[in-house]
>>> print(open('upload33.csv').read())   # CSV, C-alpha atoms and all ligand atoms
chain,number,residue,atom,x,y,z
A,1,MET,CA,8.1,-14.6,-16.1
A,2,ILE,CA,8.8,-12.9,-12.8
A,3,LEU,CA,8.2,-14.3,-9.3
A,4,GLY,CA,7.4,-11.4,-6.9
A,5,ILE,CA,7.7,-11.6,-3.2
A,6,GLU,CA,6.4,-9.0,-0.7
A,7,THR,CA,6.8,-9.1,3.1
A,8,SER,CA,7.4,-5.5,4.1
A,9,CYS,CA,4.6,-5.2,6.7
A,10,ASP,CA,1.8,-7.6,7.6
A,11,GLU,CA,1.0,-9.2,4.3
A,12,THR,CA,2.9,-12.2,3.1
A,13,ALA,CA,2.5,-12.2,-0.7
A,14,ALA,CA,3.7,-13.9,-3.8
A,15,ALA,CA,2.8,-13.4,-7.5
A,16,LEU,CA,3.7,-14.4,-11.0
A,17,VAL,CA,3.7,-11.8,-13.6
A,18,THR,CA,4.7,-12.0,-17.3
A,19,ASP,CA,7.3,-9.6,-18.8
A,20,ASP,CA,4.4,-7.6,-20.4
A,21,GLY,CA,2.5,-7.2,-17.2
A,22,GLU,CA,-0.1,-9.9,-17.2
A,23,ILE,CA,-0.9,-11.3,-13.7
A,24,LEU,CA,-0.8,-15.2,-13.7
A,25,ALA,CA,-1.2,-15.5,-9.9
A,26,ASN,CA,-1.5,-13.0,-7.0
A,27,VAL,CA,-1.6,-14.6,-3.6
A,28,VAL,CA,-1.9,-12.5,-0.4
A,29,ALA,CA,-1.9,-13.9,3.1
A,30,SER,CA,-2.9,-11.1,5.4
A,31,GLN,CA,-1.8,-11.2,9.0
A,32,ALA,CA,-4.3,-8.5,10.0
A,33,GLU,CA,-6.3,-10.8,12.4
A,34,LEU,CA,-3.1,-11.8,14.2
A,35,HIS,CA,-2.3,-8.2,15.0
A,36,ALA,CA,-5.8,-6.9,15.6
A,37,ARG,CA,-5.8,-7.6,19.3
A,38,PHE,CA,-2.7,-5.5,19.7
A,39,GLY,CA,-4.3,-2.6,17.7
A,40,GLY,CA,-1.4,-2.4,15.3
A,41,VAL,CA,1.3,-4.5,13.6
A,42,VAL,CA,3.8,-6.0,16.1
A,43,PRO,CA,7.0,-6.3,14.2
A,44,GLU,CA,8.4,-9.4,15.8
A,45,VAL,CA,5.1,-11.2,15.5
A,46,ALA,CA,5.0,-10.2,11.8
A,47,SER,CA,8.5,-11.5,11.1
A,48,ARG,CA,7.7,-14.9,12.6
A,49,ARG,CA,4.5,-15.2,10.7
A,50,HIS,CA,6.2,-14.3,7.4
A,51,LEU,CA,8.7,-17.1,8.1
A,52,GLU,CA,5.8,-19.6,8.4
A,53,LEU,CA,3.9,-18.3,5.4
A,54,VAL,CA,6.4,-17.3,2.8
A,55,VAL,CA,7.1,-20.8,1.3
A,56,PRO,CA,3.4,-21.9,1.3
A,57,VAL,CA,2.4,-18.6,-0.3
A,58,VAL,CA,5.1,-19.0,-3.1
A,59,ARG,CA,3.9,-22.6,-3.6
A,60,GLU,CA,0.3,-21.5,-3.8
A,61,ALA,CA,1.2,-18.8,-6.4
A,62,LEU,CA,3.1,-21.3,-8.5
A,63,GLY,CA,0.1,-23.7,-8.3
A,64,GLU,CA,-2.4,-21.0,-9.2
A,65,ALA,CA,-0.3,-20.0,-12.3
A,66,ARG,CA,0.2,-23.7,-13.1
A,67,VAL,CA,4.0,-23.2,-13.5
A,68,SER,CA,7.0,-24.4,-11.7
A,69,LEU,CA,10.2,-22.6,-10.5
A,70,ARG,CA,11.8,-23.8,-13.7
A,71,ASP,CA,9.6,-21.5,-15.7
A,72,VAL,CA,10.6,-18.4,-13.6
A,73,GLU,CA,13.1,-16.1,-15.2
A,74,SER,CA,13.8,-13.7,-12.3
A,75,VAL,CA,12.9,-13.2,-8.6
A,76,ALA,CA,11.7,-9.8,-7.5
A,77,VAL,CA,11.5,-8.8,-3.8
A,78,THR,CA,10.7,-5.8,-1.8
A,79,THR,CA,14.0,-4.7,-0.1
A,80,ARG,CA,12.8,-1.3,1.3
A,81,PRO,CA,11.1,0.5,3.0
A,82,GLY,CA,9.3,-1.5,5.7
A,83,LEU,CA,9.8,-3.4,9.0
A,84,ILE,CA,13.3,-4.6,8.9
A,85,GLY,CA,12.7,-8.1,10.3
A,86,ALA,CA,9.7,-8.6,8.0
A,87,LEU,CA,11.7,-7.4,5.0
A,88,LEU,CA,14.5,-9.8,5.9
A,89,VAL,CA,12.3,-12.8,5.6
A,90,GLY,CA,11.2,-12.0,2.1
A,91,VAL,CA,14.7,-11.0,1.0
A,92,SER,CA,16.2,-14.2,2.4
A,93,ALA,CA,13.5,-16.4,0.8
A,94,ALA,CA,14.0,-14.6,-2.6
A,95,LYS,CA,17.8,-15.0,-2.5
A,96,ALA,CA,17.5,-18.7,-1.7
A,97,LEU,CA,15.0,-19.3,-4.5
A,98,ALA,CA,17.0,-17.3,-7.0
A,99,TRP,CA,20.3,-18.8,-6.0
A,100,SER,CA,18.9,-22.4,-6.2
A,101,HIS,CA,17.8,-21.8,-9.8
A,102,ARG,CA,20.6,-19.5,-10.8
A,103,LEU,CA,18.2,-16.7,-11.5
A,104,PRO,CA,18.8,-13.0,-11.3
A,105,LEU,CA,17.3,-11.1,-8.3
A,106,VAL,CA,15.5,-7.7,-8.6
A,107,PRO,CA,15.5,-5.5,-5.5
A,108,VAL,CA,12.3,-3.5,-5.5
A,109,ASN,CA,11.3,-0.3,-3.6
A,110,HIS,CA,7.8,-0.9,-2.1
A,111,LEU,CA,6.7,2.6,-3.1
A,112,HIS,CA,7.8,2.0,-6.7
A,113,GLY,CA,5.8,-1.2,-6.4
A,114,HIS,CA,2.6,0.7,-5.5
A,115,VAL,CA,3.1,3.0,-8.5
A,116,ALA,CA,3.8,-0.1,-10.7
A,117,SER,CA,0.4,-1.5,-9.8
A,118,LEU,CA,-0.8,0.8,-12.6
A,119,TYR,CA,1.5,-0.9,-15.2
A,120,LEU,CA,-0.2,-4.2,-14.9
A,121,ARG,CA,-2.7,-5.4,-17.5
A,122,PRO,CA,-5.4,-4.5,-18.4
A,123,LEU,CA,-4.8,-0.9,-17.1
A,124,ASP,CA,-1.3,-0.7,-18.4
A,125,LEU,CA,-1.1,3.0,-17.7
A,126,GLN,CA,1.5,5.0,-19.6
A,127,PRO,CA,3.4,8.0,-18.0
A,128,PRO,CA,3.4,10.9,-17.7
A,129,PHE,CA,1.0,11.4,-14.8
A,130,THR,CA,0.8,12.8,-11.3
A,131,CYS,CA,0.4,10.1,-8.7
A,132,LEU,CA,-1.1,10.2,-5.2
A,133,LEU,CA,0.3,7.3,-3.2
A,134,ALA,CA,-1.7,7.0,0.0
A,135,SER,CA,-1.1,4.0,2.2
A,136,GLY,CA,-0.7,3.0,5.9
A,137,GLY,CA,2.9,4.1,6.0
A,138,HIS,CA,3.1,6.8,3.3
A,139,THR,CA,1.3,9.7,1.7
A,140,LEU,CA,3.2,11.0,-1.3
A,141,LEU,CA,2.5,13.1,-4.3
A,142,LEU,CA,4.7,12.0,-7.2
A,143,GLU,CA,5.5,13.1,-10.6
A,144,VAL,CA,5.9,10.1,-12.9
A,145,THR,CA,7.6,10.6,-16.2
A,146,ASP,CA,8.8,7.1,-16.9
A,147,ARG,CA,8.1,3.6,-15.5
A,148,SER,CA,11.4,3.2,-13.8
A,149,GLY,CA,10.8,5.7,-11.0
A,150,TYR,CA,9.2,9.0,-9.9
A,151,ARG,CA,10.0,12.4,-8.4
A,152,ILE,CA,8.6,13.3,-5.0
A,153,LEU,CA,6.5,16.6,-5.1
A,154,GLY,CA,5.1,16.4,-1.6
A,155,THR,CA,4.8,14.2,1.5
A,156,THR,CA,3.0,14.1,4.8
A,157,LEU,CA,4.5,16.2,7.6
A,158,ASP,CA,3.1,13.9,10.3
A,159,ASP,CA,0.7,10.9,9.9
A,160,ALA,CA,0.1,9.0,6.7
A,161,ALA,CA,-3.4,9.0,5.3
A,162,GLY,CA,-4.0,5.3,6.0
A,163,GLU,CA,-2.7,5.9,9.5
A,164,ALA,CA,-5.2,8.7,10.0
A,165,PHE,CA,-8.0,6.3,8.8
A,166,ASP,CA,-6.8,3.6,11.2
A,167,LYS,CA,-6.5,5.9,14.2
A,168,GLY,CA,-9.9,7.4,13.5
A,169,ALA,CA,-11.4,3.9,13.2
A,170,ARG,CA,-9.9,3.0,16.5
A,171,LEU,CA,-11.5,6.1,18.2
A,172,LEU,CA,-14.8,4.9,16.8
A,173,GLY,CA,-14.3,1.4,18.2
A,174,LEU,CA,-13.7,-0.3,14.9
A,175,GLY,CA,-11.2,-3.1,14.3
A,176,TYR,CA,-7.6,-2.9,13.0
A,177,PRO,CA,-6.7,-1.9,10.3
A,178,GLY,CA,-9.9,0.2,10.3
A,179,GLY,CA,-9.8,2.0,6.9
A,180,ALA,CA,-12.1,-0.3,5.1
A,181,GLU,CA,-14.5,-0.6,8.1
A,182,LEU,CA,-14.6,3.2,8.5
A,183,ASP,CA,-15.3,3.5,4.8
A,184,ALA,CA,-18.3,1.0,5.2
A,185,LEU,CA,-19.6,2.8,8.3
A,186,ALA,CA,-19.4,6.2,6.6
A,187,ARG,CA,-21.9,5.1,4.0
A,188,HIS,CA,-24.6,5.2,6.7
A,189,GLY,CA,-23.7,8.6,8.0
A,190,ASP,CA,-24.0,12.3,7.1
A,191,PRO,CA,-20.6,13.7,6.0
A,192,GLU,CA,-21.7,17.2,6.9
A,193,ALA,CA,-22.8,16.4,10.5
A,194,PHE,CA,-19.5,17.5,11.9
A,195,ALA,CA,-17.1,20.0,10.5
A,196,PHE,CA,-13.6,18.6,10.9
A,197,PRO,CA,-10.6,20.7,9.9
A,198,VAL,CA,-8.9,20.2,6.6
A,199,ALA,CA,-5.2,21.0,7.1
A,200,ARG,CA,-3.8,23.4,4.5
A,201,VAL,CA,0.0,23.4,4.7
A,202,ASP,CA,2.4,25.1,2.3
A,203,GLY,CA,3.6,23.6,-0.9
A,204,LEU,CA,2.4,20.2,-1.9
A,205,ASP,CA,2.7,18.5,1.5
A,206,PHE,CA,0.0,16.9,3.7
A,207,SER,CA,-0.8,17.0,7.4
A,208,PHE,CA,-3.3,14.7,9.2
A,209,SER,CA,-2.6,15.0,12.8
A,210,GLY,CA,-5.0,18.0,13.4
A,211,VAL,CA,-8.1,16.2,12.0
A,212,LYS,CA,-7.2,13.2,14.1
A,213,THR,CA,-7.0,15.3,17.3
A,214,ALA,CA,-10.3,17.0,16.4
A,215,LEU,CA,-12.0,13.6,16.2
A,216,LEU,CA,-10.5,12.6,19.5
A,217,TYR,CA,-11.9,15.7,21.2
A,218,THR,CA,-15.3,15.3,19.6
A,219,VAL,CA,-15.5,11.7,20.7
A,220,ARG,CA,-14.5,12.7,24.2
A,221,ASP,CA,-17.1,15.5,24.4
A,222,LEU,CA,-20.0,13.3,23.1
A,223,GLY,CA,-19.7,10.7,25.8
A,224,PRO,CA,-20.4,7.0,25.3
A,225,GLY,CA,-24.2,7.1,24.9
A,226,GLU,CA,-24.3,9.7,22.2
A,227,LEU,CA,-21.1,8.4,20.6
A,228,GLU,CA,-22.9,5.2,19.8
A,229,ALA,CA,-25.7,7.0,18.1
A,230,ARG,CA,-23.4,9.3,16.1
A,231,ARG,CA,-20.7,6.8,15.0
A,232,ALA,CA,-21.8,6.7,11.4
A,233,ASP,CA,-22.0,10.5,11.2
A,234,LEU,CA,-18.6,10.8,12.8
A,235,ALA,CA,-17.1,8.3,10.3
A,236,ALA,CA,-18.7,10.1,7.4
A,237,SER,CA,-17.6,13.5,8.5
A,238,TYR,CA,-14.0,12.4,9.3
A,239,GLN,CA,-13.7,10.5,6.0
A,240,ARG,CA,-14.9,13.6,4.2
A,241,ALA,CA,-12.1,15.7,5.8
A,242,LEU,CA,-9.4,13.2,4.9
A,243,VAL,CA,-10.6,12.8,1.4
A,244,THR,CA,-11.0,16.5,0.9
A,245,ALA,CA,-7.4,17.0,2.0
A,246,LEU,CA,-6.2,14.4,-0.5
A,247,VAL,CA,-8.3,15.6,-3.4
A,248,ASP,CA,-7.6,19.3,-2.8
A,249,ARG,CA,-3.9,18.6,-2.9
A,250,VAL,CA,-4.1,16.6,-6.1
A,251,ARG,CA,-6.2,19.2,-7.8
A,252,SER,CA,-3.8,22.0,-6.7
A,253,THR,CA,-1.1,20.6,-8.9
A,254,GLY,CA,-3.2,21.4,-11.9
A,255,ALA,CA,-2.2,18.0,-13.4
A,256,GLU,CA,-4.3,16.7,-16.2
A,257,ARG,CA,-3.4,13.1,-15.8
A,258,VAL,CA,-3.8,11.8,-12.3
A,259,ALA,CA,-3.5,8.4,-10.8
A,260,VAL,CA,-4.1,7.0,-7.2
A,261,VAL,CA,-2.4,4.0,-5.6
A,262,GLY,CA,-1.9,2.5,-2.2
A,263,GLY,CA,-4.3,1.0,0.4
A,264,VAL,CA,-6.3,4.3,0.8
A,265,ALA,CA,-6.9,4.2,-3.0
A,266,ALA,CA,-9.5,1.5,-2.1
A,267,ASN,CA,-11.6,4.2,-0.3
A,268,SER,CA,-15.0,4.5,-2.0
A,269,GLU,CA,-15.4,8.2,-1.4
A,270,LEU,CA,-11.9,9.0,-2.7
A,271,ARG,CA,-12.5,6.9,-5.8
A,272,ALA,CA,-15.8,8.7,-6.4
A,273,ALA,CA,-14.2,12.1,-5.9
A,274,LEU,CA,-11.6,11.6,-8.6
A,275,PRO,CA,-13.7,10.0,-11.4
A,276,GLU,CA,-11.3,11.1,-14.2
A,277,ALA,CA,-8.2,9.6,-12.4
A,278,ALA,CA,-6.6,6.3,-13.2
A,279,LEU,CA,-7.3,4.2,-10.1
A,280,ALA,CA,-5.3,1.1,-9.1
A,281,PRO,CA,-7.7,-1.9,-9.3
A,282,LEU,CA,-9.1,-2.7,-5.9
A,283,PRO,CA,-7.1,-5.9,-5.3
A,284,LEU,CA,-3.9,-4.1,-6.2
A,285,CYS,CA,-4.4,-1.1,-3.9
A,286,THR,CA,-3.4,-2.8,-0.6
A,287,ASP,CA,0.0,-4.6,-0.4
A,288,ASN,CA,0.5,-7.4,-2.9
A,289,ALA,CA,3.3,-9.0,-4.8
A,290,ALA,CA,2.0,-8.5,-8.3
A,291,MET,CA,2.9,-4.8,-8.0
A,292,VAL,CA,6.4,-5.8,-6.8
A,293,ALA,CA,6.9,-8.1,-9.9
A,294,SER,CA,5.5,-5.2,-12.0
A,295,ALA,CA,8.1,-2.8,-10.7
A,296,ALA,CA,10.8,-5.3,-11.4
A,297,ARG,CA,10.0,-5.1,-15.1
A,298,PHE,CA,11.5,-1.5,-14.9
A,299,THR,CA,14.3,-2.1,-12.4
A,300,ARG,CA,17.8,-3.3,-13.0
A,301,ALA,CA,18.3,-6.9,-12.0
A,302,VAL,CA,21.3,-8.1,-10.1
A,303,PRO,CA,22.7,-11.2,-11.9
A,304,TYR,CA,23.5,-14.5,-10.3
A,305,PRO,CA,25.5,-14.8,-8.0
A,306,ASP,CA,26.2,-11.1,-7.2
A,307,TYR,CA,23.1,-10.5,-5.0
A,308,LEU,CA,24.1,-12.2,-1.7
A,309,SER,CA,25.1,-8.8,-0.4
A,310,VAL,CA,21.8,-7.2,-1.3
A,311,ASP,CA,20.2,-6.2,2.0
A,312,ALA,CA,16.9,-5.1,3.4
A,313,GLN,CA,16.6,-1.5,4.5
A,314,ALA,CA,14.0,0.0,6.8
A,315,SER,CA,13.9,3.4,5.2
A,316,ALA,CA,13.1,4.4,1.6
A,401,LIG,O1,-0.8,0.0,0.9
A,401,LIG,P1,-1.2,-0.7,2.2
A,401,LIG,O2,-1.8,-2.1,2.1
A,401,LIG,O3,0.0,-0.9,3.2
A,401,LIG,C1,1.1,0.0,3.3
A,401,LIG,O4,2.0,0.0,2.5
A,401,LIG,O5,1.0,0.8,4.3
A,401,LIG,O6,-2.2,0.3,2.9
A,401,LIG,C2,-2.9,-0.1,4.1
A,401,LIG,C3,-3.7,1.1,4.6
A,401,LIG,C4,-4.3,0.9,6.0
A,401,LIG,O7,-4.1,2.1,6.7
A,401,LIG,C5,-5.8,0.7,5.7
A,401,LIG,O8,-6.6,1.1,6.7
A,401,LIG,C6,-6.0,1.5,4.4
A,401,LIG,O9,-4.8,1.3,3.7
A,401,LIG,N1,-7.2,1.2,3.7
A,401,LIG,C7,-8.2,2.0,3.5
A,401,LIG,C8,-9.2,1.3,2.8
A,401,LIG,N2,-8.8,0.1,2.6
A,401,LIG,C9,-7.5,0.0,3.1
A,401,LIG,N3,-8.4,3.3,3.9
A,401,LIG,C10,-9.6,3.9,3.6
A,401,LIG,N4,-10.6,3.3,2.9
A,401,LIG,C11,-10.5,2.0,2.5
A,401,LIG,N5,-11.5,1.4,1.9
A,402,ZN,ZN,2.1,-0.6,0.8
>>> encode(input="upload33.csv", output="structure tokens", more="lines below")
Ligand code: KG4
Ligand code: ZN
Amino acid sequence: MILGIETSCDETAAALVTDDGEILANVVASQAELHARFGGVVPEVASRRHLELVVPVVREALGEARVSLRDVESVAVTTRPGLIGALLVGVSAAKALAWSHRLPLVPVNHLHGHVASLYLRPLDLQPPFTCLLASGGHTLLLEVTDRSGYRILGTTLDDAAGEAFDKGARLLGLGYPGGAELDALARHGDPEAFAFPVARVDGLDFSFSGVKTALLYTVRDLGPGELEARRADLAASYQRALVTALVDRVRSTGAERVAVVGGVAANSELRAALPEAALAPLPLCTDNAAMVASAARFTRAVPYPDYLSVDAQASA
């Protein structure tokens, strides 16, 4: 049994997962509300909140799985990429827990974690497949040939897809993070009301800054009165442009087996647009620790007591 810990951004999460990928507990404490009034994650605020939450969240996961630390065989933790102070809290907690029970520690790459959300039961997806990873911090097209990693085919040249959703939501007066709210609002609007540009860049990369600027100018030109009346149409049209960009890119690879992971994989229009794709289950799209424990199943563990030098790292 693996204890997973995730603190790379603004979710404090702990999970218990068996060696064959069954989730016994998956606890996520979101700090979104805490950061909402700042319109984005404040790194120092996130670190301090992780510090308060990490032990209670691990305790809650153990309780939910009805196990104790004595039943745990390894501790997995996100060591990169992410906010350095936030990562440090999880890494320190994981080291302390592993050390106190003489367990091995498994350093996990958060992006590998998102892909490994597909390896949990009941989905238990087998490579090979082409994977779209779309989150608040990353937009990647990956070739996955085995469960221990991936090869990067394309990435965003500017904003991440989730960031584009969040910035668009902000322009429309929605809360933070706004992806899910924009998704909900878009259901009441006409996706063809406004023609927002879909960036086409060379190769398999993405670009979202143009569509964001187009929304900004449209909102400005409408003025406050009309903006209120057209918010749903704007949301639907903007979402259509983002989803089209993602789906076109995936389709352009010609891949037969496609999977989608990351926070944006929760988007209802994206899910509907790729009906044949393997989609991460909704609770496993946004950040969680079950995906971290899942990735640990395919990552080399550092034996006790060698891991005191394992460090957090901001970049991938
Ligand atoms: O994977 P994730 O939890 O965190 C990162 O690793 O970045 O992704 C969070 C992102 C946010 O930008 C959020 O707005 C977006 O996923 N998101 C959505 C939806 N639910 C979450 N975007 C579009 N539609 C949704 N339903
Ligand atoms: Zn993530």
>>> closest_residue(input="upload33.csv", among="A:Leu24, A:Leu62, A:Leu270, A:Ala13", to="ligand LIG 401 (chain A)", atoms="only C-alpha atoms and all ligand atoms")
A:Leu270
>>> atom_distance(input="upload33.csv", atom1="atom CA of A:Arg240", atom2="atom CA of A:Val198")
9.2 Å
>>> residues_near_ligand(input="upload33.csv", ligand="ligand LIG 401 (chain A)", cutoff="7 Å", atoms="all atoms listed in the file", output="list in words")
Ser135, Gly136, Gly137, His138, Gly162, Glu163, Phe165, Asp166, Pro177, Gly178, Gly179, Ala180, Leu182, Asp183, Gly262, Gly263, Val264, Ala265, Ala266, Asn267, Ser268, Cys285, Thr286 and Asp287 of chain A
>>> closest_residue(input="upload33.csv", among="A:Arg70, A:His112, A:Arg59, A:His35", to="ligand ZN 402 (chain A)", atoms="only C-alpha atoms and all ligand atoms")
A:His112
>>> atom_distance(input="upload33.csv", atom1="atom CA of A:Ala296", atom2="atom CA of A:Leu3")
9.6 Å
>>> residues_around(input="upload33.csv", residues="A:Gly90", least_positions_apart="4", cutoff="7 Å", atoms="all atoms listed in the file", output="PyMOL selection string")
chain A and resi 5-7+77+86+94
>>> atom_distance(input="upload33.csv", atom1="atom CA of A:Val250", atom2="atom CA of A:Gly113")
20.4 Å
>>> residues_around(input="upload33.csv", residues="A:Val106", least_positions_apart="3", cutoff="9 Å", atoms="only C-alpha atoms", output="JSON, numbers by chain")
{"A": [74, 75, 76, 77, 78, 293, 296, 297, 299, 300, 301, 302, 303, 307]}
>>> residues_around(input="upload33.csv", residues="A:Leu111", least_positions_apart="6", cutoff="10 Å", atoms="only C-alpha atoms", output="list in words")
Thr78, Arg80, Pro81, Leu133, Ala134, Ser135, Gly137, His138, Leu140, Gly149, Tyr150, Val261, Gly262, Met291, Val292, Ala295 and Ala316 of chain A
>>> closest_residue(input="upload33.csv", among="A:Arg121, A:Lys167, A:His50, A:Arg230", to="A:Ala93", atoms="all atoms listed in the file")
A:His50
